[in-house]
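Here is the structure we will look at, set down as structure tokens.
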Amino acid sequence: MELCSFLTLDSFITDPLTHDFMRKALLMSSLVAAVCGFLSSYLTLKGWALMGDAVSHSVMPGVVVAYALGLPFSLGAFIFGVGSVALIGFIKQKSRVKEDTVIGLVFTGFFALGIVLVSKIKSNIDLHSILFGSPLGISLSDVKQTIFISLLVVILLSIFRKDLMLYCFDPRHAKTVGINVFFLHYLLLTCLSLAAVVGLQSVGIILVVAMLITPGATAYLLTDKFDNMTVISVLSAIISSLIGIYVSFWFDLETGGSIVLAQTFIFLFAFLFAPRYGIFKLKKLFAGYK
Amino acid sequence: MESINYQNFRIDAENICVDYNGKVALYDANLRLKPGQICGLVGMNGAGKTTFFNALTGFVNISKGKIRINGESLRSAQTDQVIAYVPQNEGIDSQFPISVWDVVMMGRYGSMNIFRSPRESDIQAVKDAIERVDLTDHLSTPIGNLSGGQRKRTFLARAIAQRASILLLDEPFSGVDIRTEKLISELFIQFKNEGKTILLSTHDMIHVREFCDLVLLINKTVVAYGETSEVFTPENITTTFGGISPDFLFGPES
């Protein structure tokens, strides 16, 4: 019976929608994916993949402490996210250790602190859901917070869309024409911390960096226009989330992992078949190719 | 004692020092340029040319000294977009997904509203600038598909669109084709006639003799500064390049 209904595409898509938790998971994950995908364009062009990894891991103790104190977890995550970057900058400036070493050192330190805190605080924190995400078990207060943060990030990115593009492309020119580069730097960091917070609900802390870089990298292979890159990045992120959740529902797989795997497969597809930058350059397969 | 009217100088850098985490990159450097002057910045790699540019654009903070632009602070020069910086080709990410039009439009950002939505006047300025560097056929070409010379012209167009009165050019002639070189030298003459002030770094000694009224020889600090005909001597050049004779640098003919 289960298998029969599974065979039609129609029920493959509609059956899960009869469950309230699935509708919620699909909606929230799409929203989160859109936010992360939007930001992803900037992070991949700025070369902040490692920074994204650092911030997303560093938010861990913030989330734990916020839960323990009954504060919004986004607040704790935000403080530790931005704090980690400040600390990275400080250590880099004051020591002779190279930047990538400092980044690795700081974020693993914060992450370890988070894990230790979870074992000590022993409240109702579910370590598994923080590490691996739990889009299917998202609570109502989390939904509200996620929507609020997502809207905030989207509004900020939309307002400063062009300034951030300039900041990623040529910060010196930005500075020369009187644009506040310091502000843009911290704006991007703030958005990164906030996106990491909402992203970790979908796929968890360990994999959230994928949400922040893979869609952007995929889009980068498919276009030479910045605006198109943003659109493709957002779309590929949303589609990956939907695929991931459906697949995890039908095959009983870890949801976060499925979402990220879907993103990785889309990236691989672009890597192989992108019209201009893919290995096989799909365009050449068609007769009209000049 | 006669007081100096700083407004006469487009650029007035007085005893500026720059250090990166305690490592001195430039010290006690002075430079005064008036409208319509073209000055060559000559020195070895690591002599502080880029640092000098960074200081003048405000991209790094000076640890000592003073910079006045048209007699005003650097901050107000930034707000008024007086200075335009044309980067070295190596200094930009040529794979960035952005078109010629978008790059040149960035020259207008400083005077636009917060959303950077172009007005009619901005669009016209960008069109004119692109026409002056002869890239009208490449408006929507991604910069990754341009040649080195075309990319250099794109950034020159950005400086033109910005309507800056001071142009800082980092190696404007390196890695460009003959056509671009000719176009850039023609533009320099036009800029000079428009009263713009130009500071350009170059490795090519012939270009210095050809375009530069003044030359600034540096090696962490100013080795010599003045009229090209007076200052650009084999002795000074030898000192600037750490004892390497100009014969070796230019070949025996010069």
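As shown in the structure tokens, the chain order sets the letters A, B, ...; within each chain, residues go from 1, and ligands are also counted from 1 in the order they appear.
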### Query
Near chain B, which residues of chain A fall within 9 Å when you count only C-alpha atoms, and what do they look like as an NGL selection string?
:A and (45 or 93-94 or 158-163 or 166 or 169-179 or 220 or 223-227 or 229)
Residues within 8 Å of Ser41 of chain A, please, as a compact mmCIF listing (two decimals) with C-alpha atoms, in the first residue's frame. Count only C-alpha atoms; anything in the same chain fewer than 3 positions from it doesn't count.
```txt
# COMPACT_ATOMS: atom_id res chain seq x y z
CA GLY A 37 21.34 31.40 -0.36
CA PHE A 38 21.04 35.19 -0.62
CA THR A 44 31.68 33.00 -1.89
CA LEU A 45 32.74 36.13 -3.78
CA ILE A 213 28.65 28.51 0.57
CA PRO A 215 24.45 27.64 -3.30
CA GLY A 216 26.72 30.60 -4.03
CA ALA A 217 29.40 28.36 -5.50
CA ALA A 219 25.45 29.93 -8.94
CA TYR A 220 28.97 31.25 -9.59
CA MET A 229 23.92 34.78 -9.26
CA THR A 230 21.83 35.82 -6.27
CA SER A 233 21.77 30.82 -5.44
```
### Residue contacts of Gln88 of chain B (7 Å, only C-alpha atoms) excluding same-chain residues fewer than 5 positions away, as a count of residues only
3
### Message
Can you pull out every residue from segment 75-237 of chain B that DSSP, working from the backbone, puts in strand (DSSP E), and format the result as number ranges by chain?
### Response
B: 83-86, 166-170, 197-201, 214-218, 222-227
Go ahead and write the residues just picked, N, CA, C and O atoms, as a short mmCIF file (atom, residue, chain, number, x, y, z; two decimals), in the first residue's frame.
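What follows is the written file again.cif:
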```
data_model
loop_
_atom_site.label_atom_id
_atom_site.label_comp_id
_atom_site.auth_asym_id
_atom_site.auth_seq_id
_atom_site.Cartn_x
_atom_site.Cartn_y
_atom_site.Cartn_z
N ILE B 83 39.01 61.92 -4.93
CA ILE B 83 40.09 61.05 -5.35
C ILE B 83 39.54 59.78 -6.00
O ILE B 83 38.60 59.17 -5.49
N ALA B 84 40.13 59.41 -7.13
CA ALA B 84 39.78 58.13 -7.75
C ALA B 84 41.03 57.27 -7.81
O ALA B 84 42.12 57.76 -8.10
N TYR B 85 40.86 56.01 -7.51
CA TYR B 85 41.99 55.09 -7.53
C TYR B 85 41.77 54.07 -8.65
O TYR B 85 40.72 53.44 -8.73
N VAL B 86 42.76 53.95 -9.52
CA VAL B 86 42.68 52.97 -10.60
C VAL B 86 43.65 51.84 -10.27
O VAL B 86 44.86 52.03 -10.30
N ILE B 166 41.43 64.18 -8.66
CA ILE B 166 42.74 63.57 -8.43
C ILE B 166 42.66 62.10 -8.86
O ILE B 166 41.76 61.37 -8.43
N LEU B 167 43.59 61.70 -9.71
CA LEU B 167 43.61 60.30 -10.15
C LEU B 167 44.89 59.64 -9.64
O LEU B 167 45.99 60.14 -9.88
N LEU B 168 44.72 58.54 -8.95
CA LEU B 168 45.85 57.75 -8.51
C LEU B 168 45.86 56.47 -9.34
O LEU B 168 44.89 55.72 -9.31
N LEU B 169 46.93 56.27 -10.10
CA LEU B 169 46.94 55.10 -10.99
C LEU B 169 48.12 54.20 -10.65
O LEU B 169 49.27 54.63 -10.70
N ASP B 170 47.80 52.95 -10.31
CA ASP B 170 48.83 51.99 -9.95
C ASP B 170 49.22 51.22 -11.22
O ASP B 170 48.41 50.45 -11.75
N THR B 197 44.71 66.35 -11.37
CA THR B 197 46.03 66.03 -10.86
C THR B 197 46.21 64.52 -10.90
O THR B 197 45.32 63.78 -10.49
N ILE B 198 47.35 64.09 -11.43
CA ILE B 198 47.55 62.66 -11.61
C ILE B 198 48.83 62.20 -10.92
O ILE B 198 49.88 62.82 -11.07
N LEU B 199 48.70 61.12 -10.14
CA LEU B 199 49.87 60.48 -9.56
C LEU B 199 49.87 59.04 -10.06
O LEU B 199 48.89 58.32 -9.86
N LEU B 200 50.93 58.66 -10.77
CA LEU B 200 50.94 57.30 -11.31
C LEU B 200 52.24 56.59 -10.96
O LEU B 200 53.31 57.18 -10.98
N SER B 201 52.11 55.33 -10.60
CA SER B 201 53.31 54.56 -10.35
C SER B 201 53.65 53.80 -11.62
O SER B 201 52.75 53.41 -12.37
N LEU B 214 56.48 65.99 -12.97
CA LEU B 214 57.23 65.83 -11.73
C LEU B 214 57.49 64.35 -11.50
O LEU B 214 56.77 63.49 -12.04
N VAL B 215 58.50 64.07 -10.71
CA VAL B 215 58.73 62.67 -10.37
C VAL B 215 59.07 62.57 -8.89
O VAL B 215 59.73 63.45 -8.31
N LEU B 216 58.54 61.52 -8.28
CA LEU B 216 58.78 61.26 -6.87
C LEU B 216 59.48 59.90 -6.78
O LEU B 216 58.89 58.88 -7.10
N LEU B 217 60.75 59.94 -6.39
CA LEU B 217 61.50 58.69 -6.28
C LEU B 217 61.45 58.25 -4.82
O LEU B 217 61.81 59.04 -3.93
N ILE B 218 60.98 57.04 -4.58
CA ILE B 218 60.90 56.63 -3.17
C ILE B 218 61.56 55.28 -2.93
O ILE B 218 61.62 54.40 -3.80
N VAL B 222 61.20 59.50 0.78
CA VAL B 222 61.46 60.18 -0.50
C VAL B 222 62.96 60.27 -0.75
O VAL B 222 63.71 60.80 0.06
N VAL B 223 63.40 59.72 -1.87
CA VAL B 223 64.80 59.82 -2.26
C VAL B 223 65.03 61.16 -2.97
O VAL B 223 65.99 61.86 -2.69
N ALA B 224 64.12 61.48 -3.86
CA ALA B 224 64.21 62.76 -4.57
C ALA B 224 62.83 63.12 -5.09
O ALA B 224 62.02 62.26 -5.42
N TYR B 225 62.56 64.43 -5.16
CA TYR B 225 61.28 64.88 -5.67
C TYR B 225 61.46 66.21 -6.38
O TYR B 225 62.16 67.10 -5.88
N GLY B 226 60.86 66.35 -7.53
CA GLY B 226 60.94 67.63 -8.23
C GLY B 226 60.63 67.46 -9.71
O GLY B 226 60.08 66.45 -10.14
N GLU B 227 60.98 68.49 -10.49
CA GLU B 227 60.77 68.47 -11.94
C GLU B 227 61.50 67.26 -12.54
O GLU B 227 62.66 67.01 -12.19
#
```
### Task
Would you please give, as a PyMOL selection string, all residues of segment 36-207 of chain B that DSSP assigns to alpha helix (DSSP H) based on the backbone?
chain B and resi 49-57+74-79+100-105+120-132+148-161+178-193+205-207
### Message
Under the rule that only C-alpha atoms are counted, which of B:Asp28, B:Glu14, B:Asp134, B:Asp204 is the nearest residue to Thr221 of chain B?
### Response
B:Asp28
### Message
So that I can check the surroundings of Leu131 of chain A, please list as a list of chain:residue names every protein, DNA and RNA residue that reaches within 7 Å of it, counting only C-alpha atoms and ignoring chain neighbours fewer than 2 positions away.
### Response
A:Leu127, A:His128, A:Ser129, A:Gly133, A:Gly204, A:Ile205, A:Ile206
### Query
What gap, in Å, lies between atom CA of Leu146 of chain B and atom CA of Ile130 of chain B?
14.0 Å
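Around Val118 of chain A, within 12 Å and counting only C-alpha atoms, the residues found are Met60, Pro61, Gly62, Val63, Val64, Val65, Ala66, Tyr67, Ala68, Phe111, Ala112, Leu113, Gly114, Ile115, Ile121, Lys122, Ser123, Asn124, Ile125, Asp126, Leu127, His128, Ile130 and Leu131 of chain A, once anything fewer than 3 positions away on its own chain is removed.
Taking only C-alpha atoms into account, Lys196 of chain B lies nearest to B:Arg163 out of the set B:Arg32, B:Lys220, B:Arg151, B:Arg163.
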### Query
Can you list, as a ChimeraX atom specification, every protein, DNA or RNA residue that comes within 7 Å of Val198 of chain A when you count only C-alpha atoms, leaving out same-chain residues fewer than 4 positions away?
/A:32,146,194
#### Entry: Within 12 Å of Leu183 of chain B using only C-alpha atoms, minus same-chain residues under 2 positions, as a ChimeraX atom specification
/B:131-135,149-150,152-153,156-157,172-173,176-181,185-190
How would the residues just chosen look if you wrote them out with N, CA, C and O atoms as a short mmCIF file (atom, residue, chain, number, x, y, z; two decimals), in the first residue's frame?
```
data_model
loop_
_atom_site.label_atom_id
_atom_site.label_comp_id
_atom_site.auth_asym_id
_atom_site.auth_seq_id
_atom_site.Cartn_x
_atom_site.Cartn_y
_atom_site.Cartn_z
N GLU B 131 32.35 55.80 -23.27
CA GLU B 131 32.66 56.24 -24.62
C GLU B 131 34.09 56.79 -24.71
O GLU B 131 34.81 56.53 -25.67
N ARG B 132 34.48 57.52 -23.67
CA ARG B 132 35.83 58.12 -23.68
C ARG B 132 36.94 57.07 -23.68
O ARG B 132 38.03 57.33 -24.16
N VAL B 133 36.66 55.91 -23.10
CA VAL B 133 37.70 54.87 -23.11
C VAL B 133 37.45 53.85 -24.22
O VAL B 133 38.09 52.81 -24.28
N ASP B 134 36.46 54.19 -25.07
CA ASP B 134 36.22 53.38 -26.27
C ASP B 134 35.80 51.94 -25.94
O ASP B 134 36.33 50.99 -26.50
N LEU B 135 34.85 51.81 -25.02
CA LEU B 135 34.37 50.46 -24.68
C LEU B 135 32.86 50.34 -24.90
O LEU B 135 32.23 49.44 -24.36
N GLY B 149 44.05 45.19 -21.32
CA GLY B 149 43.92 46.61 -21.67
C GLY B 149 42.50 47.11 -21.52
O GLY B 149 42.27 48.21 -21.00
N GLN B 150 41.54 46.29 -21.96
CA GLN B 150 40.13 46.69 -21.84
C GLN B 150 39.73 46.82 -20.37
O GLN B 150 38.97 47.71 -19.99
N LYS B 152 41.71 47.57 -17.90
CA LYS B 152 42.33 48.80 -17.41
C LYS B 152 41.49 50.01 -17.79
O LYS B 152 41.24 50.91 -16.99
N ARG B 153 41.00 50.01 -19.04
CA ARG B 153 40.15 51.12 -19.51
C ARG B 153 38.84 51.19 -18.74
O ARG B 153 38.30 52.28 -18.50
N LEU B 156 39.56 52.99 -15.62
CA LEU B 156 39.77 54.41 -15.94
C LEU B 156 38.42 55.10 -16.13
O LEU B 156 38.20 56.21 -15.66
N ALA B 157 37.52 54.40 -16.82
CA ALA B 157 36.18 54.96 -17.05
C ALA B 157 35.47 55.18 -15.72
O ALA B 157 34.74 56.16 -15.55
N PRO B 172 49.56 52.04 -14.54
CA PRO B 172 48.54 52.11 -15.59
C PRO B 172 48.95 51.47 -16.91
O PRO B 172 48.10 51.13 -17.72
N PHE B 173 50.26 51.30 -17.12
CA PHE B 173 50.70 50.79 -18.42
C PHE B 173 51.13 49.33 -18.39
O PHE B 173 51.53 48.78 -19.42
N VAL B 176 49.16 46.15 -20.78
CA VAL B 176 48.15 46.64 -21.71
C VAL B 176 48.68 46.61 -23.14
O VAL B 176 49.88 46.64 -23.38
N ASP B 177 47.73 46.56 -24.09
CA ASP B 177 48.09 46.53 -25.50
C ASP B 177 48.46 47.93 -25.98
O ASP B 177 48.19 48.93 -25.31
N ILE B 178 49.03 48.02 -27.17
CA ILE B 178 49.48 49.29 -27.76
C ILE B 178 48.32 50.29 -27.86
O ILE B 178 48.45 51.45 -27.53
N ARG B 179 47.16 49.77 -28.27
CA ARG B 179 46.01 50.65 -28.48
C ARG B 179 45.59 51.30 -27.16
O ARG B 179 45.34 52.50 -27.09
N THR B 180 45.56 50.49 -26.11
CA THR B 180 45.20 51.03 -24.80
C THR B 180 46.23 52.03 -24.33
O THR B 180 45.90 53.08 -23.79
N GLU B 181 47.51 51.70 -24.56
CA GLU B 181 48.57 52.59 -24.12
C GLU B 181 48.42 53.96 -24.78
O GLU B 181 48.52 55.00 -24.13
N SER B 185 47.50 57.49 -22.90
CA SER B 185 48.34 58.70 -22.96
C SER B 185 47.57 59.90 -23.50
O SER B 185 47.78 61.02 -23.05
N GLU B 186 46.64 59.65 -24.44
CA GLU B 186 45.80 60.76 -24.92
C GLU B 186 44.90 61.28 -23.80
O GLU B 186 44.73 62.49 -23.64
N LEU B 187 44.37 60.34 -23.01
CA LEU B 187 43.51 60.76 -21.90
C LEU B 187 44.30 61.59 -20.89
O LEU B 187 43.78 62.57 -20.35
N PHE B 188 45.55 61.20 -20.65
CA PHE B 188 46.37 61.95 -19.70
C PHE B 188 46.49 63.42 -20.10
O PHE B 188 46.40 64.31 -19.26
N ILE B 189 46.68 63.64 -21.40
CA ILE B 189 46.80 65.01 -21.88
C ILE B 189 45.49 65.76 -21.67
O ILE B 189 45.47 66.90 -21.20
N GLN B 190 44.36 65.07 -21.97
CA GLN B 190 43.05 65.69 -21.74
C GLN B 190 42.85 66.01 -20.26
O GLN B 190 42.40 67.09 -19.89
#
```
